[in-house]
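Following: one structure in structure tokens, then a few remarks.
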Amino acid sequence: MEPGIPAQPPRGLDETWPLVGRDAVIERAVSAMSGSSRTVLAYGPSGIGKSRVVQAVTERLGADGWCILTASGNTALSAVPLGALAPVLAGDPVGMVAAASDPVALYAAASATVRDLAGGRPVVLAVDDVSAVDPVSGALIAQLVETGALRLIATVREADPLPDALLSLAASGDSLRLDIGPLDVDQVSELLIRVLGGPVAHRVAVELHGVSHGNPLFLRELAIGAADAGSLVSADGLWQLVGEPVGTPALRDLIRARLRSLGDDERDAVERLALCEPLAFDEFTRPGAPEALATLELHGLIRVDESTARMRVWLAHPHYASAVRDSIPRLRALSVLIEQADVVASRPMNAGDELRVAVWRLDAGRPSDAAVLARTAALARMAQDRRTAERLAAAAVAAGADDAASLLLHGELLWSLGRADEAIATLERADRSARADGGPEHLLAAIGAARADVLGGDPLGSARGIELLESLEDDLPGQAARLALSKAVLLVNRGFARDALAQVEAAAASGAGTVAGDPAFEHAALDLARVMPLAALGRTEEAVAAAEHAVAFAKDDGTRFPLRRAEVVLAHALISADRLGEARATVIESLHEAIRDDDELTARFDEFMMGQVFWQLGRLDTAARWFRDTVGGAELHGPKSLREIALCFLAVIAAEQGDLAQARNLRARVIDGLDEEHPVAVLADAWISVLEGRPDAAAAMLLDRVDLTVERGAVGIAAPLLHHLARLGSRAHARSAADRLERLAVTSDSPALQRRLAHARAEAESDAAALRVIGAEWESLGCLLYAAEAFASAGQAARAAGHGREATADLQHAGSLAAACEGARTPLLRFAEGAEPLTPREREIASLAAQGLSSNEIATRLFLSPRTVNNHLQSTYAKLGIRGRHELQV
């Protein structure tokens with residue numbers, strides 16, 4: 001399928017979705033019902049999945065021989081005696097209704113009917129929406145439970161009271177309350193993957209989780225709406241969202257139905273929030289507003305935030321706002337927006353108030369003047385609201401603020417949203433405007449740095465960015481420090497680590513501070529600029545320390561210093577230092593914030609670094625999913641450079657899994673010339689050569705690239721390349737790698753380099769003891785593939801030395817480690833002569849089990865029976881020589 005082309009969603013998208021993320025609560029309910037609990041009540045808001053949970057529980061109980069009776073509350077029948085239970089007690093419904101006025105006769109008839117239906121089996125009555133059952137049915141249910149005739153499992157909608165007759169049951173010690181909560185991001189991702197039948201970009205799961213609040217019903221309608229609108233697209237086989245997620249008419253009707261009973265004051269408050277949220281409590285100025293807000297809060301339609309000095313009010317669910325907005329007549333919306341803007345503007349305003357007023361007036365078609373729009377665009381960017389900031393900046397330019405500073409702001413915002421072509425055009429316009437007006441040097445330098453940054457986002461654009469900056473150095477001698485810092489980034493992109501650090505140190509020595517009169521800010525900025533060159537030079541500990549200082553300053557500094565950028569750079573340093581757990585935690589937090597704030601560039605770098613983390617951990621399939629996210633996101637939103645690099649990593653992973661055809665296909669999609677710009681293209685070519693049976697050619701490629709990289713000072717890049725050389729399966733190649741690494745170690749005391757040297761030397765000398773030591777070290781860091789390879793080589797060495805027992809232990813340990821590496825088939829893992837390999841299905845199940853999933857969870861995810869999963873696991877244990885899942889490595 002062509003990237004970015006809307007794909008036909010699966011036919012079953014609008015059918016019943018699978019139940020995901022509820023295993024624990026279902027198990028708890030089944031255990032309670034099978035034990036001493038007489039009553040289980042499932043609470044939660046509409047659409048959260050209470051009924052599906054109860055259905056799953058009753059199916060489990062039915063399979064265990066229980067008699068299952070089902071009923072449901074109905075508001076329309078709540079005044080009809082036995083309206084809920086008459087259909088259930090089908091033996092004599094007319095007689096039952098006739099006996100409704102005599103509680104004793106009614107109970108006798110009902111219990112007799114239950115006994116007849118049960119036939120000696122235990123009975124459970126499942127009631128959906130028990131709050132809406134009629135009083136007679138409620139009383140009868142309580143009697144039947146109290147006397148042991150049946151047990152009750154029921155759903156209770158959030159904020160609805162239980163019938164009086166059931167209060168004593170709910171309060172008893174043998175009653176279990178289940179609070180059905182929203183799905184988390186991972187569960188939303190799993191659900192979407194199963195429904196769409198293919199991989200889903202993590203950012204899609206995060207976005208849909210955010211707008212659905214993890215509510216499965218809302219999630220379903222949002223996905224269907226996105227598919228119907230053509231905004232759910234397949235980019236390179238990966239499901240992506242283009243534009244804002246939109247719900248279906250059914251979802252909007254559902255929300256509107258809930259709001260239909262509101263009075264005039266409540267509806268006015270809801271409409272104001274839909275258009276203007278959040279609003280402070282004292283910004284509702286209409287008579288009756290306080291009472292209306294109290295009513296809305298009581299019914300769970302709004303939420304109140306008291307975390308700030310002024311109490312703020314929001315709609316309870318983000319999709320309420322869009323559903324209400326769609327139902328407001330345009331003239332009414334304009335009136336509300338202008339009225340609310342006037343209310344806030346009539347009082348003393350802070351920066352946030354000024355921003356809100358500007359947005360409301362823009363929404364109403366009465367934008368503020370150009371200066372206000374430009375100022376509020378800057379405020380919105382400081383608040384990380386990039387889409388709003390770009391709207392305001394565009395409106396400011398349209399209103400006449402076409403000066404260089406305003407155009408620079410707009411260009412930077414367009415770039416942050418991934419709109420590179422528009423950004424370049426706007427920044428070039430800013431440059432022309434600045435030069436025509438005789439703008440100050442610092443403004444010209446800022447525009448030049450922004451242009452170079454956008455150029456660096458092109459796969460082969462770093463050289464052009466450097467050329468641009470060098471041309472500006474002669475024109476703007478007073479801005480040498482600023483230009484040097486921008487140039488350093490592009491030099492690192494091209495692997496010129498020594499030159500990049502020299503640029504940073506020259507900027508530091510020039511005394512031209514980034515912020516005049518603020519040495520602490522300047523120190524942090526320079527430290528941040530040093531991180532990437534230091535990491536590339538192999539000075540990983542210094543790089544991490546510099547990044548940590550910059551992050552600490554950014555957290556203390558507030559809004560002036562780019563915290564998210566500092567965290568991205570810190571994550572890069574942590575990855576280079578093999579501190580992968582810390583890097584993963586930093587990146588995932590940054591990614592979720594970037595998705596929330598529409599920060600496309602940061603999101604793309606975070607996705608890419610998640611791929612790097614899992615690749616180094618040896619979790620190859622997981623790494624490939626993150627790199628596919630990078631490719632798909634880069635094709636839709638940029639930067640294009642990361643698309644090419646991620647494709648190369650995907651080719652490497654395919655080769656490490658032994659899939660030559662896939663590796664070739666992925667490498668063929670990379671633009672020509674990337675091998676001259678980025679070493680990962682050479683790495684991909686080397687691994688493909690290994691699969692083609694040309695290991696010497698692979699070694700030559702790697703050594704040539706190492707020579708070029710070392711010449712540029714990038715020891716931190718050369719060392720991993722040499723480690724790959726040591727992993728190609730030849731002791732001669734491992735010896736070459738070890739010799740080169742020893743020479744590099746003279747210039748670097750990086751623990752990461754020392755680890756790779758120790759591994760290469762142990763492989764070269766076939767030293768079983770040394771291989772076990774380095775294998776254990778890799779394992780302690782979580783780098784399971786490298787650990788598996790080291791133990792596999794240790795087993796081979798021990799076998800060659802005649803130490804059979806040690807060889808068996810090493811090879812078994814290597815096998816258990818390899819099982820968690822998601823299909824790895826590297827040369828060093830082809831170890832146990834005559835050993836039976838794991839099948840692809842066994843590898844898949846072993847990997848999931850190694851991650852802690854239960855057999856039932858694995859069965860659900862892979863559409864297998866638990867028995868089949870357990871059979872595959874037993875086969876895996878036998879092949880690996882281990883005793884159970886506790887010996888599979890996580």
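Within each chain, counting starts at residue 1; across the structure tokens, chains are named A, B, ... in the order shown, with ligands numbered 1 upward in that order.
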With a distance cut-off of 8 Å and only C-alpha atoms, select the neighbouring residues of Ala29 of chain A, excluding the residue or stretch itself and same-chain residues fewer than 2 positions from it, and output the selection as a short mmCIF file (atom, residue, chain, number, x, y, z; two decimals) with N, CA, C and O atoms, in the first residue's frame.
```cif
data_model
loop_
_atom_site.label_atom_id
_atom_site.label_comp_id
_atom_site.auth_asym_id
_atom_site.auth_seq_id
_atom_site.Cartn_x
_atom_site.Cartn_y
_atom_site.Cartn_z
N VAL A 25 -9.97 -8.00 36.23
CA VAL A 25 -11.24 -7.73 36.87
C VAL A 25 -12.22 -8.87 36.64
O VAL A 25 -13.02 -9.21 37.52
N ILE A 26 -12.17 -9.51 35.48
CA ILE A 26 -13.03 -10.67 35.22
C ILE A 26 -12.65 -11.81 36.15
O ILE A 26 -13.52 -12.46 36.74
N GLU A 27 -11.36 -12.05 36.28
CA GLU A 27 -10.90 -13.13 37.15
C GLU A 27 -11.33 -12.88 38.59
O GLU A 27 -11.74 -13.81 39.31
N SER A 31 -13.86 -15.35 40.64
CA SER A 31 -13.42 -15.93 41.92
C SER A 31 -14.39 -15.57 43.04
O SER A 31 -14.70 -16.40 43.91
N ALA A 32 -14.86 -14.32 43.03
CA ALA A 32 -15.80 -13.89 44.06
C ALA A 32 -17.11 -14.64 43.97
O ALA A 32 -17.66 -15.12 44.97
N MET A 33 -17.64 -14.77 42.77
CA MET A 33 -18.91 -15.49 42.59
C MET A 33 -18.77 -16.96 42.95
O MET A 33 -19.68 -17.56 43.52
N VAL A 40 -22.00 -9.05 43.26
CA VAL A 40 -20.90 -8.34 42.59
C VAL A 40 -21.53 -7.19 41.82
O VAL A 40 -22.40 -7.39 40.98
N VAL A 57 -17.95 -12.58 32.59
CA VAL A 57 -18.02 -13.31 33.85
C VAL A 57 -19.07 -14.40 33.77
O VAL A 57 -18.83 -15.56 34.17
N LEU A 176 -19.02 -7.60 46.56
CA LEU A 176 -17.79 -7.12 45.91
C LEU A 176 -18.13 -5.97 44.98
O LEU A 176 -19.03 -6.09 44.14
N LEU A 178 -16.75 -3.72 41.94
CA LEU A 178 -15.77 -3.64 40.87
C LEU A 178 -15.87 -2.26 40.22
O LEU A 178 -16.92 -1.89 39.70
#
```
Selection: 8 Å around Ile447 of chain A, only C-alpha atoms, excl. self and same-chain fewer than 6 positions, as a list in words: Leu408, Leu427, Ala430 and Asp431 of chain A
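For segment 449-451 of chain A, the residues within 6 Å (counting only C-alpha atoms, excluding itself and residues fewer than 3 positions away along the chain) are A:Ala446, A:Val454, A:Ser486.
Here atom CA of Leu169 of chain A and atom CA of Val145 of chain A stand 8.2 Å from one another.
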Neighbour list for segment 191-194 of chain A as an MDAnalysis selection string, cut-off 9 Å, only C-alpha atoms, skip fewer than 4 positions in-chain: chainID A and resid 17:21 186:187 198:200 205 220 223 239 861
Any chance you could export the current selection's C-alpha atoms as a PDB file, in the first residue's frame?
```pdb
ATOM      1  CA  TRP A  17     -14.925  -5.130  19.422  1.00  0.00           C
ATOM      2  CA  PRO A  18     -12.889  -7.639  21.430  1.00  0.00           C
ATOM      3  CA  LEU A  19     -12.631  -7.256  25.177  1.00  0.00           C
ATOM      4  CA  VAL A  20      -9.130  -6.046  26.107  1.00  0.00           C
ATOM      5  CA  GLY A  21      -7.516  -5.145  29.395  1.00  0.00           C
ATOM      6  CA  ASP A 186      -1.064   0.202  25.938  1.00  0.00           C
ATOM      7  CA  GLN A 187      -4.489  -1.402  26.160  1.00  0.00           C
ATOM      8  CA  GLY A 198      -2.298  -4.426  11.617  1.00  0.00           C
ATOM      9  CA  PRO A 199       0.253  -2.289  13.447  1.00  0.00           C
ATOM     10  CA  VAL A 200      -0.879   1.090  14.765  1.00  0.00           C
ATOM     11  CA  ALA A 205      -3.027   5.178  20.422  1.00  0.00           C
ATOM     12  CA  ARG A 220     -14.801   2.676  18.951  1.00  0.00           C
ATOM     13  CA  ALA A 223     -12.068   5.118  15.209  1.00  0.00           C
ATOM     14  CA  TRP A 239      -2.180   2.953  10.705  1.00  0.00           C
ATOM     15  CA  ARG A 861      -3.575 -11.490  21.758  1.00  0.00           C
TER      16      ARG A 861
END
```
Who sits within 8 Å of Leu721 of chain A, only C-alpha atoms, same chain under 5 positions skipped, as a VMD selection string: chain A and resid 683 702 706
Atom-to-atom span, atom CA of Asp369 of chain A and atom CA of His410 of chain A, Å: 16.4 Å
Close residues, Ser37 of chain A itself excluded, 12 Å, only C-alpha atoms, min 5 positions apart in chain, as a ChimeraX atom specification: /A:28-32,124,145-146,148,150-153,169-170,172-177
Residues near Asp402 of chain A, cut-off 12 Å, only C-alpha atoms, skip fewer than 2 positions along chain, as an NGL selection string: :A and (370-371 or 373-374 or 393-400 or 404-411 or 426-427 or 429-434 or 437)
DSSP-assigned alpha helix (DSSP H) among segment 275-382 of chain A, expressed as a VMD selection string: chain A and resid 275 to 276 289 to 298 318 to 327 330 to 345 351 to 363 370 to 382
Top pick for closest residue to Thr70 of chain A, considering A:Thr155, A:Ser231, A:Ser46, A:Thr388 and counting only C-alpha atoms: A:Thr155
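Listed by chain and then by rising number, the residues of segment 196-250 of chain A that DSSP assigns to strand (DSSP E) from the backbone are Leu232, Val233, Ser234, Ala235, Leu238, Trp239, Gln240 and Leu241 of chain A.
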Those same residues, written as a short mmCIF file (atom, residue, chain, number, x, y, z; two decimals), in the first residue's frame with N, CA, C and O atoms?
```
data_model
loop_
_atom_site.label_atom_id
_atom_site.label_comp_id
_atom_site.auth_asym_id
_atom_site.auth_seq_id
_atom_site.Cartn_x
_atom_site.Cartn_y
_atom_site.Cartn_z
N LEU A 232 -8.10 8.18 8.94
CA LEU A 232 -7.35 7.01 9.41
C LEU A 232 -6.72 6.39 8.18
O LEU A 232 -7.42 5.84 7.32
N VAL A 233 -5.41 6.54 8.06
CA VAL A 233 -4.73 6.14 6.83
C VAL A 233 -3.62 5.15 7.14
O VAL A 233 -3.14 5.06 8.27
N SER A 234 -3.24 4.43 6.12
CA SER A 234 -2.13 3.50 6.25
C SER A 234 -0.91 4.12 5.60
O SER A 234 -0.90 4.40 4.40
N ALA A 235 0.11 4.39 6.40
CA ALA A 235 1.38 4.91 5.89
C ALA A 235 2.42 3.81 6.05
O ALA A 235 2.79 3.46 7.17
N LEU A 238 1.32 1.07 8.24
CA LEU A 238 1.14 1.45 9.64
C LEU A 238 -0.05 2.40 9.72
O LEU A 238 -0.10 3.41 9.01
N TRP A 239 -1.01 2.09 10.58
CA TRP A 239 -2.18 2.95 10.71
C TRP A 239 -1.80 4.25 11.40
O TRP A 239 -1.19 4.26 12.46
N GLN A 240 -2.19 5.37 10.75
CA GLN A 240 -1.87 6.70 11.26
C GLN A 240 -3.13 7.55 11.22
O GLN A 240 -4.04 7.31 10.45
N LEU A 241 -3.15 8.57 12.06
CA LEU A 241 -4.22 9.57 12.03
C LEU A 241 -3.70 10.83 11.36
O LEU A 241 -2.63 11.31 11.70
#
```
Interatomic distance (Å, one decimal) between atom CA of Ala745 of chain A and atom CA of Cys648 of chain A: 27.7 Å
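Residue nearest Pro639 of chain A, chosen from A:Arg419, A:His202, A:Arg694, A:Arg286 and counting only C-alpha atoms: A:Arg419.
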Shortest interatomic distance to His872 of chain A - which of A:Arg386, A:Arg735, A:Arg310, A:Arg841, counting only C-alpha atoms: A:Arg841
Nearest residue to Ala545 of chain A from the set A:His759, A:His723, A:Arg530, A:Arg628 (distances using only C-alpha atoms): A:Arg530
